[in-house]
Amino acid sequence: MTLLIKGGTVIGPSGSIPADVLVDGETIAAVFAPGRAPDVAQVIDATGKYVIPGAIDAHTHMQLPFGGTSASDTFETGTRAAAFGGTTTIIDFAVQKTGEVVQDGLAAWHEKAAGNCFVDYGFHMIIGGVDDASLKAMDSLVREEGISSFKLFMAYPGVFYSDDGQILRAMQKARENGSMIMMHAENGLAIDVLVQQALARGETDPVHHGLTRPEALEAEATSRAIWLASVAADCPLYIVHLSASKALAAVAEARDRGRNVFAETCPQYLYLTLEDQLGAPGFEGAKWVCSTPLRSKHESHRADLWQGLRTNDLSIVSTDHCPFCFKDQKELGLGDFSKIPNGIGGVEHRVDLLYQGVADGKLSLERWVETIATTPARMFGLYPRKGVIAPGADADIVVYDPNGRTRISVQTHHMNMDHSAYEGYEIAGKVGTVISRGEVLVDDAGEFHGRKGRGKFLQRGLSSYLI
Ligand SMILES: [Zn+2]
């Protein structure tokens, strides 16, 4: 089955060129100068549109158990919503909790995902209990399971938390086997003290979630992780969901020193704030409780994060998609902000929200594609199979209409959530046809054609950025 995407402008990190893309079966067969492609039966007219690689969301949490409940998107609903938003690959986090066997945690995630996904998926592994057995398991996951990145937490004592000695040991192991350490960098022990003090003062509203997780404790943990990685012979380190200017400064400084340090941010930190969302009256702000928290609009965080994306101090934009419904889930924290499940859902909107940055003149077209597709593929061992429009790559392709508009609302989104973190946002640009390995999942009219279970597990290699 061949398919020609004709008349569009193909965007990649190295430039934008008018070209026709020929798909044969599951892969891209050729990229032609306009009008030079052979005639084929199935043609998608991309005149006036951008043709970009299917986006890769390297940070999602489908059906993650957290705070006495579970993230409300399953692999089925979450990957369907992802497809509607132009994301054709997700990398989710399998979990080893303290005391569990790593391989058992991984098997549990395979069971949740297998047969349910509409798009391709891979896993990072959360190591919640660093010990001899889990360190050994890291080797076999890299060698045999296609899992080349491991996430540790400096936050959440008693749940996922690793102490500095455990972090150092895991980093040494990663340095040895070539894998990447991903870090939730917030000082969880200090945060817990601030949380208890706030609750004792009767400060129970959602906004106190943000106020008890100050920038200093993200910056401190980010710096500590960076220095620990340097002690571990420059183990590759990837800071997840970076939200604050001072944490970004620590990453930039490390990169200037030539360290193997990378970071991602998320759309919520580029758009939403402590005052306008988390600080909404009453319990409303619970919708925006996530960690790291939304930051103050009176400080320079958002502008600094956009700049970090331009300068490549921030390499990637992921969503940290971890949706909880307001009713019965976020409500678990009524009267005590520390019991609100942490997470925002956004897997459907990242491509559009970042395109708004292009429309606003904050990001180039090329950098847009790089931060949402190409760099995630390179960072996490999926390149050049994913993240690029080139012969031989998987035919994961999005036709994007720069003249369209997207209105975000709970009424129209496909995520399994009873609210939207971006309700009422009107965005420049619109996802059109979405193709995954040569199959049209969403057509130009917005009709869905995907089949549940067609999404494949991706065995990942090592990061392209390793030195
Ligand atoms: Zn996360």
# chains A, B, ... in the order shown; residues from 1 in each chain; ligands from 1
call {"tool": "residues_near_ligand", "arguments": {"ligand": "ligand 1", "cutoff": "12 Å", "atoms": "only C-alpha atoms and all ligand atoms", "output": "MDAnalysis selection string"}}
result
chainID A and resid 57:62 64 66 71 91:95 124:126 151:153 155 160 182:185 239:242 264:266 290:293 318:323 342:345
call {"tool": "residues_around", "arguments": {"residues": "A:Tyr269", "least_positions_apart": "2", "cutoff": "6 Å", "atoms": "only C-alpha atoms", "output": "list in words"}}
result
Ser243, Cys266, Pro267, Tyr271, Leu272 and Leu294 of chain A
call {"tool": "closest_residue", "arguments": {"among": "A:Pro376, A:Ala37, A:Arg302, A:Ser338", "to": "A:Val193", "atoms": "only C-alpha atoms"}}
result
A:Ser338
call {"tool": "select_by_dssp", "arguments": {"residues": "stretch 235-305 of chain A", "states": "alpha helix (DSSP H)", "output": "number ranges by chain"}}
result
A: 245-256, 267-271, 301-305
call {"tool": "residues_around", "arguments": {"residues": "A:Met417", "least_positions_apart": "2", "cutoff": "6 Å", "atoms": "only C-alpha atoms", "output": "MDAnalysis selection string"}}
result
chainID A and resid 325 415 419
call {"tool": "write_last_selection", "arguments": {"atoms": "C-alpha atoms", "output": "compact mmCIF listing (two decimals), in the first residue's frame"}}
result
# COMPACT_ATOMS: atom_id res chain seq x y z
CA CYS A 325 -10.72 13.75 37.30
CA MET A 415 -8.68 12.41 27.22
CA HIS A 419 -12.03 19.03 32.98
